[in-house]
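Q: Okay, so here is protein.csv, and as you'll see once you scroll down, it has CSV, C-alpha atoms and all ligand atoms.
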```csv
chain,number,residue,atom,x,y,z
A,378,MET,CA,51.8,6.1,16.9
A,379,GLU,CA,52.1,7.1,13.3
A,380,VAL,CA,48.8,6.8,11.3
A,381,ASP,CA,49.0,5.5,7.8
A,382,ASN,CA,46.0,7.0,5.9
A,383,THR,CA,46.4,4.5,3.0
A,384,GLN,CA,46.2,1.6,5.4
A,385,ILE,CA,43.1,3.0,7.0
A,386,PHE,CA,41.4,3.4,3.7
A,387,ASP,CA,42.5,-0.1,2.7
A,388,THR,CA,40.9,-1.6,5.8
A,389,LEU,CA,37.5,0.1,5.3
A,390,PRO,CA,34.6,-2.1,4.4
A,391,ASP,CA,33.6,0.2,1.5
A,392,SER,CA,35.2,0.3,-2.0
A,393,ILE,CA,36.4,3.9,-2.5
A,394,ARG,CA,37.8,5.7,-5.5
A,395,ILE,CA,38.5,9.3,-6.3
A,396,ILE,CA,37.7,10.5,-9.7
A,397,GLY,CA,39.1,13.7,-11.3
A,398,LYS,CA,37.2,16.3,-13.3
A,399,ASP,CA,38.5,14.6,-16.4
A,400,LYS,CA,36.7,11.4,-15.2
A,401,LYS,CA,40.1,9.7,-14.7
A,402,ILE,CA,40.7,7.7,-11.6
A,403,ILE,CA,43.1,9.5,-9.3
A,404,TRP,CA,43.1,6.9,-6.5
A,405,ALA,CA,41.4,3.8,-5.3
A,406,ASN,CA,41.5,1.7,-2.1
A,407,LYS,CA,42.4,-1.9,-1.8
A,408,LEU,CA,38.8,-3.1,-1.8
A,409,PHE,CA,38.1,-1.3,-5.1
A,410,GLU,CA,41.2,-2.9,-6.6
A,411,ASP,CA,39.9,-6.3,-5.5
A,412,LEU,CA,36.5,-5.6,-6.8
A,413,VAL,CA,37.6,-4.9,-10.4
A,414,GLY,CA,40.7,-7.1,-10.2
A,415,ILE,CA,43.1,-4.4,-11.2
A,416,ASP,CA,45.9,-2.9,-9.1
A,417,LYS,CA,46.4,0.8,-8.2
A,418,GLU,CA,49.1,1.4,-10.8
A,419,GLU,CA,46.9,0.2,-13.6
A,420,LEU,CA,43.9,2.0,-12.3
A,421,ASN,CA,45.5,5.4,-12.0
A,422,GLY,CA,44.9,7.5,-15.0
A,423,SER,CA,42.2,5.2,-16.5
A,424,LYS,CA,38.7,6.5,-17.0
A,425,CYS,CA,36.2,5.9,-14.3
A,426,TYR,CA,34.0,4.0,-16.7
A,427,ASP,CA,36.8,1.7,-18.0
A,428,TYR,CA,36.2,-0.8,-15.1
A,429,LEU,CA,33.0,0.0,-13.4
A,430,CYS,CA,30.6,2.4,-15.0
A,431,LEU,CA,28.1,3.7,-12.4
A,432,GLY,CA,27.0,6.7,-14.5
A,433,LYS,CA,24.3,6.6,-17.2
A,434,THR,CA,26.8,6.6,-20.1
A,435,LEU,CA,30.0,4.8,-21.0
A,436,GLY,CA,31.7,8.1,-22.0
A,437,ASP,CA,32.4,11.6,-20.8
A,438,LYS,CA,29.4,13.2,-22.5
A,439,ASP,CA,26.3,13.6,-20.3
A,440,CYS,CA,28.0,11.7,-17.6
A,441,TYR,CA,25.9,11.3,-14.4
A,442,LEU,CA,29.0,12.4,-12.4
A,443,ASP,CA,29.0,15.8,-14.0
A,444,LYS,CA,26.2,16.8,-11.6
A,445,VAL,CA,28.5,16.1,-8.6
A,446,LEU,CA,31.2,18.2,-10.2
A,447,ASN,CA,28.6,21.0,-10.4
A,448,ASP,CA,28.1,20.6,-6.7
A,449,GLU,CA,24.7,19.0,-6.9
A,450,VAL,CA,23.7,16.6,-4.2
A,451,LEU,CA,22.8,13.3,-5.7
A,452,PRO,CA,20.6,10.7,-4.0
A,453,GLN,CA,22.3,7.4,-3.1
A,454,ARG,CA,21.7,4.7,-5.7
A,455,GLU,CA,21.6,0.9,-5.6
A,456,ILE,CA,23.6,-0.7,-8.4
A,457,THR,CA,23.6,-4.5,-9.0
A,458,ILE,CA,26.6,-6.0,-10.8
A,459,LYS,CA,26.4,-9.6,-12.1
A,460,GLU,CA,29.5,-11.5,-11.1
A,461,SER,CA,28.5,-14.7,-12.7
A,462,LYS,CA,25.3,-16.5,-13.9
A,463,ASP,CA,24.1,-17.2,-10.4
A,464,LYS,CA,25.8,-14.5,-8.4
A,465,SER,CA,25.4,-10.7,-8.3
A,466,ILE,CA,26.5,-8.0,-5.9
A,467,THR,CA,24.4,-5.0,-5.0
A,468,PHE,CA,26.2,-1.8,-3.9
A,469,LEU,CA,24.8,1.3,-2.3
A,470,VAL,CA,26.7,4.0,-4.1
A,471,THR,CA,27.4,7.5,-2.8
A,472,HIS,CA,29.1,10.3,-4.7
A,473,THR,CA,30.4,13.4,-2.9
A,474,PRO,CA,32.4,16.3,-4.2
A,475,TYR,CA,36.2,16.1,-3.5
A,476,ARG,CA,37.4,19.6,-2.7
A,477,ASN,CA,40.8,21.4,-2.5
A,478,GLU,CA,41.8,23.8,0.3
A,479,LYS,CA,39.8,26.6,-1.4
A,480,GLU,CA,36.7,24.5,-1.2
A,481,GLU,CA,36.6,24.2,-5.0
A,482,VAL,CA,35.3,20.9,-6.3
A,483,ILE,CA,38.2,19.2,-8.0
A,484,GLY,CA,36.8,15.7,-8.3
A,485,ILE,CA,34.4,13.1,-6.9
A,486,VAL,CA,34.7,10.6,-4.0
A,487,GLU,CA,32.8,7.4,-4.8
A,488,TYR,CA,31.8,5.0,-2.0
A,489,LEU,CA,30.4,1.6,-2.8
A,490,ARG,CA,29.0,-0.3,0.1
A,491,ASP,CA,28.2,-3.9,-0.4
A,492,ILE,CA,24.5,-4.3,0.6
A,493,THR,CA,24.0,-7.7,-1.0
A,494,SER,CA,22.9,-9.5,2.2
A,495,LEU,CA,20.5,-6.7,3.0
A,496,VAL,CA,19.0,-6.8,-0.4
A,497,ASN,CA,18.7,-10.6,-0.2
A,498,THR,CA,16.9,-10.2,3.1
A,499,ARG,CA,14.7,-7.5,1.7
A,500,THR,CA,13.8,-9.7,-1.3
A,501,ALA,CA,13.0,-12.7,1.0
A,502,LEU,CA,10.7,-10.4,3.1
A,503,GLU,CA,9.0,-9.1,0.0
A,504,GLU,CA,8.4,-12.7,-1.2
A,505,GLN,CA,7.1,-13.5,2.3
A,506,LEU,CA,4.8,-10.5,2.2
A,507,MET,CA,3.5,-11.6,-1.2
A,508,ARG,CA,2.8,-15.1,0.1
A,509,SER,CA,1.0,-13.5,3.1
A,510,LYS,CA,-1.1,-11.4,0.8
A,511,ILE,CA,-2.1,-14.5,-1.2
A,512,ILE,CA,-3.0,-16.3,2.1
A,513,LEU,CA,-5.0,-13.3,3.3
A,514,GLY,CA,-6.8,-13.2,0.0
A,515,LYS,CA,-7.7,-16.9,0.2
A,516,THR,CA,-8.8,-16.5,3.8
A,517,VAL,CA,-11.1,-13.5,3.0
A,518,ASN,CA,-12.5,-15.5,0.0
A,519,ALA,CA,-13.1,-18.5,2.4
A,520,LEU,CA,-15.0,-16.3,4.8
A,521,VAL,CA,-17.1,-14.7,2.0
A,522,SER,CA,-17.8,-18.2,0.6
A,523,ALA,CA,-18.9,-19.4,4.1
A,524,ILE,CA,-21.6,-16.8,4.2
A,525,GLU,CA,-22.4,-17.2,0.5
A,526,SER,CA,-23.1,-20.9,1.0
A,527,ARG,CA,-26.2,-20.0,3.1
A,528,ASP,CA,-27.0,-16.4,2.1
A,529,PRO,CA,-25.9,-15.5,-1.5
A,530,TYR,CA,-27.5,-12.1,-1.3
A,531,THR,CA,-25.3,-10.9,1.6
A,532,ALA,CA,-22.2,-12.2,-0.3
A,533,GLY,CA,-23.2,-10.4,-3.5
A,534,HIS,CA,-24.0,-7.3,-1.4
A,535,GLN,CA,-20.5,-7.3,0.2
A,536,ARG,CA,-18.8,-7.7,-3.1
A,537,LYS,CA,-20.7,-4.8,-4.7
A,538,VAL,CA,-20.2,-2.6,-1.6
A,539,SER,CA,-16.5,-3.3,-1.9
A,540,GLN,CA,-16.5,-2.0,-5.5
A,541,LEU,CA,-18.0,1.3,-4.4
A,542,VAL,CA,-15.9,1.5,-1.2
A,543,ARG,CA,-12.7,1.1,-3.1
A,544,GLN,CA,-13.6,4.0,-5.4
A,545,VAL,CA,-14.6,6.2,-2.5
A,546,ALA,CA,-11.5,5.3,-0.5
A,547,GLN,CA,-9.4,6.0,-3.6
A,548,ALA,CA,-10.9,9.5,-3.7
A,549,VAL,CA,-10.4,10.1,0.1
A,550,LYS,CA,-6.7,9.0,0.3
A,551,PRO,CA,-5.4,8.7,-3.3
A,552,GLU,CA,-1.8,8.5,-2.0
A,553,ASP,CA,-2.5,5.6,0.4
A,554,ARG,CA,-2.9,2.4,-1.8
A,555,HIS,CA,-2.4,0.2,1.3
A,556,TRP,CA,-5.3,1.8,3.1
A,557,VAL,CA,-7.5,1.7,0.0
A,558,GLU,CA,-6.8,-2.0,-0.3
A,559,GLY,CA,-7.7,-2.4,3.4
A,560,MET,CA,-11.0,-0.6,2.8
A,561,ARG,CA,-11.8,-3.0,0.0
A,562,VAL,CA,-11.1,-6.0,2.2
A,563,THR,CA,-13.2,-4.5,5.0
A,564,ALA,CA,-16.2,-4.0,2.7
A,565,GLN,CA,-15.9,-7.6,1.5
A,566,LEU,CA,-16.3,-8.7,5.1
A,567,HIS,CA,-18.5,-6.0,6.6
A,568,ASP,CA,-21.6,-8.2,7.0
A,569,ILE,CA,-19.7,-11.4,7.9
A,570,GLY,CA,-21.6,-11.3,11.3
A,571,LYS,CA,-24.8,-12.3,9.5
A,572,ILE,CA,-23.4,-15.8,9.4
A,573,CYS,CA,-24.9,-16.2,12.9
A,574,ILE,CA,-28.4,-15.2,11.8
A,575,PRO,CA,-30.9,-17.7,10.5
A,576,ALA,CA,-31.1,-17.6,6.7
A,577,GLU,CA,-34.9,-17.3,6.6
A,578,ILE,CA,-34.7,-14.1,8.7
A,579,LEU,CA,-32.1,-12.6,6.3
A,580,ALA,CA,-34.1,-13.6,3.3
A,581,ASN,CA,-37.3,-11.9,4.4
A,582,PRO,CA,-36.8,-9.0,6.7
A,583,THR,CA,-40.0,-7.2,5.5
A,584,THR,CA,-42.1,-9.3,7.8
A,585,LEU,CA,-39.7,-9.4,10.7
A,586,LYS,CA,-40.9,-9.2,14.3
A,587,LYS,CA,-39.1,-6.7,16.5
A,588,GLU,CA,-37.0,-9.3,18.2
A,589,GLU,CA,-35.9,-10.7,14.9
A,590,PHE,CA,-34.8,-7.3,13.8
A,591,GLU,CA,-32.9,-7.0,17.0
A,592,LEU,CA,-31.2,-10.2,16.1
A,593,ILE,CA,-30.2,-8.9,12.7
A,594,LYS,CA,-28.7,-5.8,14.4
A,595,LEU,CA,-26.3,-8.0,16.3
A,596,HIS,CA,-24.4,-8.8,13.1
A,597,SER,CA,-22.0,-5.8,13.3
A,598,ALA,CA,-21.0,-6.9,16.8
A,599,VAL,CA,-20.7,-10.5,15.8
A,600,GLY,CA,-18.5,-9.5,12.8
A,601,TYR,CA,-16.3,-7.6,15.3
A,602,GLY,CA,-16.1,-10.7,17.4
A,603,ILE,CA,-15.1,-12.9,14.5
A,604,LEU,CA,-12.3,-10.5,13.3
A,605,ASN,CA,-11.2,-8.7,16.4
A,606,ASN,CA,-8.1,-10.8,16.9
A,607,VAL,CA,-7.0,-10.8,13.3
A,608,ASP,CA,-4.4,-8.2,12.4
A,609,PHE,CA,-4.8,-7.7,8.6
A,610,GLY,CA,-1.9,-5.3,8.6
A,611,PHE,CA,-3.7,-2.4,6.9
A,612,GLY,CA,-2.9,0.1,9.6
A,613,PHE,CA,-6.5,0.3,10.9
A,614,SER,CA,-8.8,-2.1,12.7
A,615,ILE,CA,-11.1,-3.9,10.2
A,616,ALA,CA,-13.1,-5.3,13.2
A,617,ASP,CA,-13.7,-1.7,14.6
A,618,ALA,CA,-14.8,-0.4,11.2
A,619,ILE,CA,-17.2,-3.4,10.8
A,620,LEU,CA,-18.5,-2.8,14.4
A,621,GLN,CA,-19.4,0.8,13.5
A,622,HIS,CA,-20.8,0.4,10.0
A,623,HIS,CA,-24.4,0.9,11.1
A,624,GLU,CA,-23.6,3.9,13.3
A,625,ARG,CA,-25.0,7.3,12.2
A,626,LEU,CA,-23.7,10.8,12.8
A,627,ASN,CA,-26.8,11.8,14.7
A,628,GLY,CA,-26.5,8.9,17.1
A,629,GLY,CA,-29.5,7.1,15.6
A,630,GLY,CA,-27.4,4.1,14.5
A,631,TYR,CA,-26.4,0.9,16.3
A,632,PRO,CA,-24.9,-0.9,18.2
A,633,ALA,CA,-23.5,2.0,20.4
A,634,GLY,CA,-25.4,5.0,19.1
A,635,LEU,CA,-22.1,6.8,18.5
A,636,THR,CA,-22.1,10.3,17.1
A,637,GLY,CA,-20.0,12.5,14.8
A,638,ASP,CA,-16.2,12.2,15.2
A,639,ASP,CA,-16.6,9.2,17.5
A,640,ILE,CA,-17.3,7.2,14.3
A,641,LEU,CA,-14.3,6.0,12.4
A,642,LEU,CA,-13.7,7.3,8.9
A,643,GLU,CA,-13.6,3.7,7.6
A,644,ALA,CA,-17.1,3.1,9.1
A,645,LYS,CA,-18.5,6.3,7.7
A,646,ILE,CA,-17.4,5.2,4.2
A,647,LEU,CA,-18.8,1.8,4.7
A,648,ALA,CA,-22.1,3.2,5.9
A,649,VAL,CA,-22.7,5.3,2.7
A,650,ALA,CA,-21.6,2.6,0.3
A,651,ASP,CA,-23.7,0.0,2.2
A,652,VAL,CA,-26.9,2.1,2.0
A,653,VAL,CA,-26.4,3.0,-1.7
A,654,GLU,CA,-25.8,-0.6,-2.7
A,655,ALA,CA,-28.6,-2.0,-0.6
A,656,MET,CA,-31.2,0.5,-2.0
A,657,THR,CA,-30.0,0.3,-5.6
A,658,ASN,CA,-29.9,-3.5,-6.1
A,659,ARG,CA,-32.6,-6.2,-5.8
A,660,ARG,CA,-33.1,-8.0,-2.6
A,661,PRO,CA,-34.9,-11.4,-2.2
A,662,TYR,CA,-37.9,-9.6,-0.7
A,663,ARG,CA,-38.1,-6.6,-3.1
A,664,GLU,CA,-36.9,-5.1,-6.4
A,665,GLY,CA,-34.1,-2.5,-6.4
A,666,LEU,CA,-35.3,0.9,-5.5
A,667,GLY,CA,-33.0,2.5,-8.0
A,668,LEU,CA,-30.0,4.8,-8.0
A,669,PRO,CA,-32.0,8.1,-7.7
A,670,ALA,CA,-33.7,6.9,-4.5
A,671,ALA,CA,-30.4,5.7,-3.1
A,672,LEU,CA,-28.7,9.0,-3.9
A,673,ASP,CA,-31.7,10.9,-2.5
A,674,GLU,CA,-31.4,9.0,0.8
A,675,ILE,CA,-27.7,9.8,1.3
A,676,GLU,CA,-28.0,13.4,0.1
A,677,SER,CA,-31.0,14.3,2.1
A,678,ASN,CA,-29.4,12.9,5.2
A,679,ALA,CA,-25.9,14.3,4.5
A,680,SER,CA,-24.4,15.7,7.7
A,681,GLU,CA,-27.3,14.3,9.7
A,682,LYS,CA,-26.7,10.6,9.3
A,683,TYR,CA,-23.9,10.4,6.8
A,684,ASP,CA,-20.6,12.2,6.4
A,685,LYS,CA,-21.2,15.0,3.8
A,686,ASP,CA,-17.7,14.8,2.2
A,687,ILE,CA,-18.2,11.0,1.6
A,688,VAL,CA,-21.7,11.6,0.3
A,689,ASP,CA,-20.4,14.2,-2.2
A,690,ILE,CA,-17.7,11.8,-3.4
A,691,CYS,CA,-20.2,9.0,-3.7
A,692,ARG,CA,-22.6,11.1,-5.7
A,693,ASP,CA,-19.9,12.4,-8.0
A,694,LEU,CA,-18.7,8.8,-8.6
A,695,PHE,CA,-22.2,7.9,-10.0
A,696,MET,CA,-23.1,11.2,-11.7
A,697,LYS,CA,-19.7,12.3,-13.1
A,698,GLU,CA,-17.6,9.2,-13.2
A,699,LYS,CA,-20.5,7.0,-14.3
A,700,PHE,CA,-19.6,4.3,-11.7
A,701,LYS,CA,-21.7,1.2,-12.0
A,702,PHE,CA,-21.9,-1.9,-9.8
A,703,GLN,CA,-20.5,-5.0,-11.5
A,704,GLU,CA,-21.9,-8.4,-11.2
A,705,THR,CA,-19.1,-10.7,-9.9
A,706,ALA,CA,-19.3,-14.5,-9.8
A,707,ALA,CA,-16.8,-15.0,-7.0
A,708,ALA,CA,-15.0,-13.2,-4.3
A,709,SER,CA,-11.6,-11.9,-5.2
A,710,ILE,CA,-8.8,-10.1,-3.5
A,801,FE,FE,-24.5,-4.5,7.8
```
Will you turn the file into structure tokens for me?
A:
Amino acid sequence: MEVDNTQIFDTLPDSIRIIGKDKKIIWANKLFEDLVGIDKEELNGSKCYDYLCLGKTLGDKDCYLDKVLNDEVLPQREITIKESKDKSITFLVTHTPYRNEKEEVIGIVEYLRDITSLVNTRTALEEQLMRSKIILGKTVNALVSAIESRDPYTAGHQRKVSQLVRQVAQAVKPEDRHWVEGMRVTAQLHDIGKICIPAEILANPTTLKKEEFELIKLHSAVGYGILNNVDFGFGFSIADAILQHHERLNGGGYPAGLTGDDILLEAKILAVADVVEAMTNRRPYREGLGLPAALDEIESNASEKYDKDIVDICRDLFMKEKFKFQETAAASI
């Protein structure tokens, strides 16, 4: 069987054209002719930008394609062409050098793959993701509001802890915005388990009996129970971080008395921010103890109770970056 190369190229699903060093079109396949509505004869000899300019200029000077002629490897690009008011086509464009028998670059092969349906699917998924984020935000706000309705101090505490946690998380993993956002949400919910504790106990823990304090200590496990089956999609378990936020490096925390590396990074961050906020700000049963006392607590117990790196970040946020807790009227995400 004799193989007709032209026929093969004309049946390919990609639009292809070959462009010479002078930016003139040397050859194009059938799909490219159909795309621009011009036949081969007319295309041959015309400039590559006469019908479909994929470079950054509409002329020879500083043409994007010069890089290919200089044997540079260019990344694939997405190009969207508007066909009409309501219709556009998106191509994934690849440029590769076209070489002679001596391996010298004598032109460019340009492939245009129609990825319109992929892009439409991607856009729909992005819109769905955005809607999911809005629903997640409203759900978190509803949970925070639920506790606020009976214990405004815990709700305010969670919001302020989330401000500090966000800054600490940003310093720990500046490149991971998704994780930082997850940490902020975790902090907003970290005491959600207090919803099961009588409000009068929460409001006055200075005179708590031992059994009442034991009841308060259940809140991290209750919070875990509330959120354990919820996948927030942040790449870590918010429920596990909440379960461990009262654990301490030396094993003196609760509920499991975990030590060192058995405690999640997320929980270690929550622990430091939780203590600093709780000591700095006013509680129903006492005035705020002040920032110096809060920083003294975490610094004097760094490496023993609290992760030293996180303590250092937290101290620097207050002392160098002048971080301040902001009063917020409502939960937000
Ligand atoms: Fe807590």
Q: Within 9 Å of ligand FE 801 (chain A), which residues of chain A show up? Give each one with its shortest atom-to-atom distance in Å (one decimal) and the two atoms involved, counting all atoms listed in the file, rows by chain then rising residue number, as a tab-separated table.
A:
```
residue	atom	partner	partner_atom	distance
A:Thr531	CA	A:FE801	FE	8.9
A:His567	CA	A:FE801	FE	6.3
A:Asp568	CA	A:FE801	FE	4.8
A:Ile569	CA	A:FE801	FE	8.4
A:Gly570	CA	A:FE801	FE	8.2
A:Lys571	CA	A:FE801	FE	8.0
A:Ile593	CA	A:FE801	FE	8.7
A:Lys594	CA	A:FE801	FE	7.9
A:His596	CA	A:FE801	FE	6.8
A:Ser597	CA	A:FE801	FE	6.2
A:Ile619	CA	A:FE801	FE	8.0
A:His622	CA	A:FE801	FE	6.5
A:His623	CA	A:FE801	FE	6.3
A:Ala648	CA	A:FE801	FE	8.3
A:Asp651	CA	A:FE801	FE	7.2
```
Q: Could you tell me which of A:Val538, A:Arg625, A:Phe590, A:Ser494 comes closest to Met656 of chain A if we count all atoms listed in the file?
A: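 When distances to Met656 of chain A are compared using all atoms listed in the file, the smallest one comes from A:Val538.
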Q: Can you find the residues with an atom no farther than 8 Å from (-11.5, -7.0, 12.5), counting only C-alpha atoms, and report them as a tab-separated table (two decimals) with C-alpha atoms, in the frame of the given file?
A:
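Result written to result.tsv:
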```tsv
chain	number	residue	atom	x	y	z
A	600	GLY	CA	-18.50	-9.50	12.80
A	601	TYR	CA	-16.30	-7.60	15.30
A	602	GLY	CA	-16.10	-10.70	17.40
A	603	ILE	CA	-15.10	-12.90	14.50
A	604	LEU	CA	-12.30	-10.50	13.30
A	605	ASN	CA	-11.20	-8.70	16.40
A	606	ASN	CA	-8.10	-10.80	16.90
A	607	VAL	CA	-7.00	-10.80	13.30
A	608	ASP	CA	-4.40	-8.20	12.40
A	609	PHE	CA	-4.80	-7.70	8.60
A	614	SER	CA	-8.80	-2.10	12.70
A	615	ILE	CA	-11.10	-3.90	10.20
A	616	ALA	CA	-13.10	-5.30	13.20
A	617	ASP	CA	-13.70	-1.70	14.60
A	618	ALA	CA	-14.80	-0.40	11.20
A	619	ILE	CA	-17.20	-3.40	10.80
```
Q: Name the closest residue to Asn658 of chain A among the candidates A:Asp686, A:Asp673, A:Glu704, A:Asp491; distances are taken between atoms, counting all atoms listed in the file.
A: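 Answer, going by the shortest atom-to-atom distance: A:Glu704.
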Q: I'd like to know which of A:Lys444, A:Arg663, A:Lys459, A:His472 is closest to Arg394 of chain A, using all atoms listed in the file.
A: A:His472
Q: From the options A:Asn421, A:Thr493, A:Gln453, A:Asn678, which residue's atoms come nearest to Ser465 of chain A, counting only C-alpha atoms?
A: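 Nearest to Ser465 of chain A: A:Thr493.
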Q: List as a ChimeraX atom specification: which residues have an atom within 9 Å of (33.5, 12.8, -7.9), counting only C-alpha atoms?
A: /A:394-398,400,442-443,445-446,472-475,482-487
Q: Rank nothing, just name the residue among A:Trp404, A:Gly533, A:Val542, A:Leu566 nearest to Val517 of chain A, using all atoms listed in the file.
A: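 When distances to Val517 of chain A are compared using all atoms listed in the file, the smallest one comes from A:Leu566.
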Q: What gap, in Å, lies between atom CA of Glu643 of chain A and atom CA of Thr657 of chain A?
A: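 The value is 21.3 Å.
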Q: Would you save segment 583-658 of chain A to a file, keeping C-alpha atoms, as a PDB file, in the first residue's frame?
A:
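Once written, decode.pdb looks like this:
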```pdb
ATOM      1  CA  THR A 583     -12.363  30.213  87.595  1.00  0.00           C
ATOM      2  CA  THR A 584     -14.652  28.524  90.084  1.00  0.00           C
ATOM      3  CA  LEU A 585     -14.939  25.218  88.258  1.00  0.00           C
ATOM      4  CA  LYS A 586     -15.064  21.971  90.134  1.00  0.00           C
ATOM      5  CA  LYS A 587     -12.705  19.253  88.925  1.00  0.00           C
ATOM      6  CA  GLU A 588     -15.482  17.368  87.149  1.00  0.00           C
ATOM      7  CA  GLU A 589     -16.621  20.549  85.402  1.00  0.00           C
ATOM      8  CA  PHE A 590     -13.108  21.154  84.111  1.00  0.00           C
ATOM      9  CA  GLU A 591     -13.003  17.549  82.917  1.00  0.00           C
ATOM     10  CA  LEU A 592     -16.210  18.336  81.020  1.00  0.00           C
ATOM     11  CA  ILE A 593     -14.582  21.347  79.332  1.00  0.00           C
ATOM     12  CA  LYS A 594     -11.646  19.179  78.324  1.00  0.00           C
ATOM     13  CA  LEU A 595     -14.029  17.050  76.277  1.00  0.00           C
ATOM     14  CA  HIS A 596     -14.521  19.880  73.783  1.00  0.00           C
ATOM     15  CA  SER A 597     -11.602  18.931  71.523  1.00  0.00           C
ATOM     16  CA  ALA A 598     -12.906  15.370  71.149  1.00  0.00           C
ATOM     17  CA  VAL A 599     -16.474  16.630  70.668  1.00  0.00           C
ATOM     18  CA  GLY A 600     -15.239  19.018  67.955  1.00  0.00           C
ATOM     19  CA  TYR A 601     -13.505  16.068  66.311  1.00  0.00           C
ATOM     20  CA  GLY A 602     -16.758  14.109  66.444  1.00  0.00           C
ATOM     21  CA  ILE A 603     -18.712  16.961  64.837  1.00  0.00           C
ATOM     22  CA  LEU A 604     -16.295  17.427  61.938  1.00  0.00           C
ATOM     23  CA  ASN A 605     -14.726  14.003  61.505  1.00  0.00           C
ATOM     24  CA  ASN A 606     -16.841  13.043  58.504  1.00  0.00           C
ATOM     25  CA  VAL A 607     -16.508  16.398  56.753  1.00  0.00           C
ATOM     26  CA  ASP A 608     -13.881  16.580  54.032  1.00  0.00           C
ATOM     27  CA  PHE A 609     -13.110  20.280  53.709  1.00  0.00           C
ATOM     28  CA  GLY A 610     -10.717  19.546  50.849  1.00  0.00           C
ATOM     29  CA  PHE A 611      -7.720  21.392  52.303  1.00  0.00           C
ATOM     30  CA  GLY A 612      -5.389  18.401  52.151  1.00  0.00           C
ATOM     31  CA  PHE A 613      -5.343  17.747  55.899  1.00  0.00           C
ATOM     32  CA  SER A 614      -7.880  16.681  58.499  1.00  0.00           C
ATOM     33  CA  ILE A 615      -9.405  19.689  60.232  1.00  0.00           C
ATOM     34  CA  ALA A 616     -11.028  17.290  62.716  1.00  0.00           C
ATOM     35  CA  ASP A 617      -7.628  15.781  63.679  1.00  0.00           C
ATOM     36  CA  ALA A 618      -6.071  19.233  64.129  1.00  0.00           C
ATOM     37  CA  ILE A 619      -8.976  20.244  66.380  1.00  0.00           C
ATOM     38  CA  LEU A 620      -8.702  17.001  68.354  1.00  0.00           C
ATOM     39  CA  GLN A 621      -5.032  17.746  69.109  1.00  0.00           C
ATOM     40  CA  HIS A 622      -5.108  21.492  69.734  1.00  0.00           C
ATOM     41  CA  HIS A 623      -4.672  21.082  73.515  1.00  0.00           C
ATOM     42  CA  GLU A 624      -1.879  18.513  73.226  1.00  0.00           C
ATOM     43  CA  ARG A 625       1.547  19.688  74.413  1.00  0.00           C
ATOM     44  CA  LEU A 626       5.008  18.545  73.272  1.00  0.00           C
ATOM     45  CA  ASN A 627       5.903  17.184  76.731  1.00  0.00           C
ATOM     46  CA  GLY A 628       2.798  15.004  76.885  1.00  0.00           C
ATOM     47  CA  GLY A 629       1.098  17.240  79.445  1.00  0.00           C
ATOM     48  CA  GLY A 630      -1.832  18.111  77.192  1.00  0.00           C
ATOM     49  CA  TYR A 631      -5.129  16.414  76.444  1.00  0.00           C
ATOM     50  CA  PRO A 632      -7.039  14.336  75.376  1.00  0.00           C
ATOM     51  CA  ALA A 633      -4.362  11.744  74.483  1.00  0.00           C
ATOM     52  CA  GLY A 634      -1.211  13.154  76.111  1.00  0.00           C
ATOM     53  CA  LEU A 635       0.595  12.999  72.765  1.00  0.00           C
ATOM     54  CA  THR A 636       4.242  14.065  72.597  1.00  0.00           C
ATOM     55  CA  GLY A 637       6.590  15.731  70.094  1.00  0.00           C
ATOM     56  CA  ASP A 638       6.232  14.660  66.484  1.00  0.00           C
ATOM     57  CA  ASP A 639       3.061  12.694  67.210  1.00  0.00           C
ATOM     58  CA  ILE A 640       1.304  16.059  67.320  1.00  0.00           C
ATOM     59  CA  LEU A 641       0.251  17.435  63.951  1.00  0.00           C
ATOM     60  CA  LEU A 642       1.865  20.644  62.689  1.00  0.00           C
ATOM     61  CA  GLU A 643      -1.620  22.129  62.313  1.00  0.00           C
ATOM     62  CA  ALA A 644      -2.391  21.401  65.976  1.00  0.00           C
ATOM     63  CA  LYS A 645       0.949  22.863  67.116  1.00  0.00           C
ATOM     64  CA  ILE A 646       0.130  26.135  65.350  1.00  0.00           C
ATOM     65  CA  LEU A 647      -3.375  26.205  66.790  1.00  0.00           C
ATOM     66  CA  ALA A 648      -2.011  25.563  70.292  1.00  0.00           C
ATOM     67  CA  VAL A 649       0.322  28.577  70.239  1.00  0.00           C
ATOM     68  CA  ALA A 650      -2.214  30.972  68.711  1.00  0.00           C
ATOM     69  CA  ASP A 651      -4.926  29.696  71.065  1.00  0.00           C
ATOM     70  CA  VAL A 652      -2.860  30.387  74.193  1.00  0.00           C
ATOM     71  CA  VAL A 653      -1.690  33.816  73.017  1.00  0.00           C
ATOM     72  CA  GLU A 654      -5.211  34.970  72.162  1.00  0.00           C
ATOM     73  CA  ALA A 655      -6.724  33.532  75.335  1.00  0.00           C
ATOM     74  CA  MET A 656      -4.164  35.257  77.565  1.00  0.00           C
ATOM     75  CA  THR A 657      -4.064  38.555  75.671  1.00  0.00           C
ATOM     76  CA  ASN A 658      -7.758  39.282  75.493  1.00  0.00           C
TER      77      ASN A 658
END
```
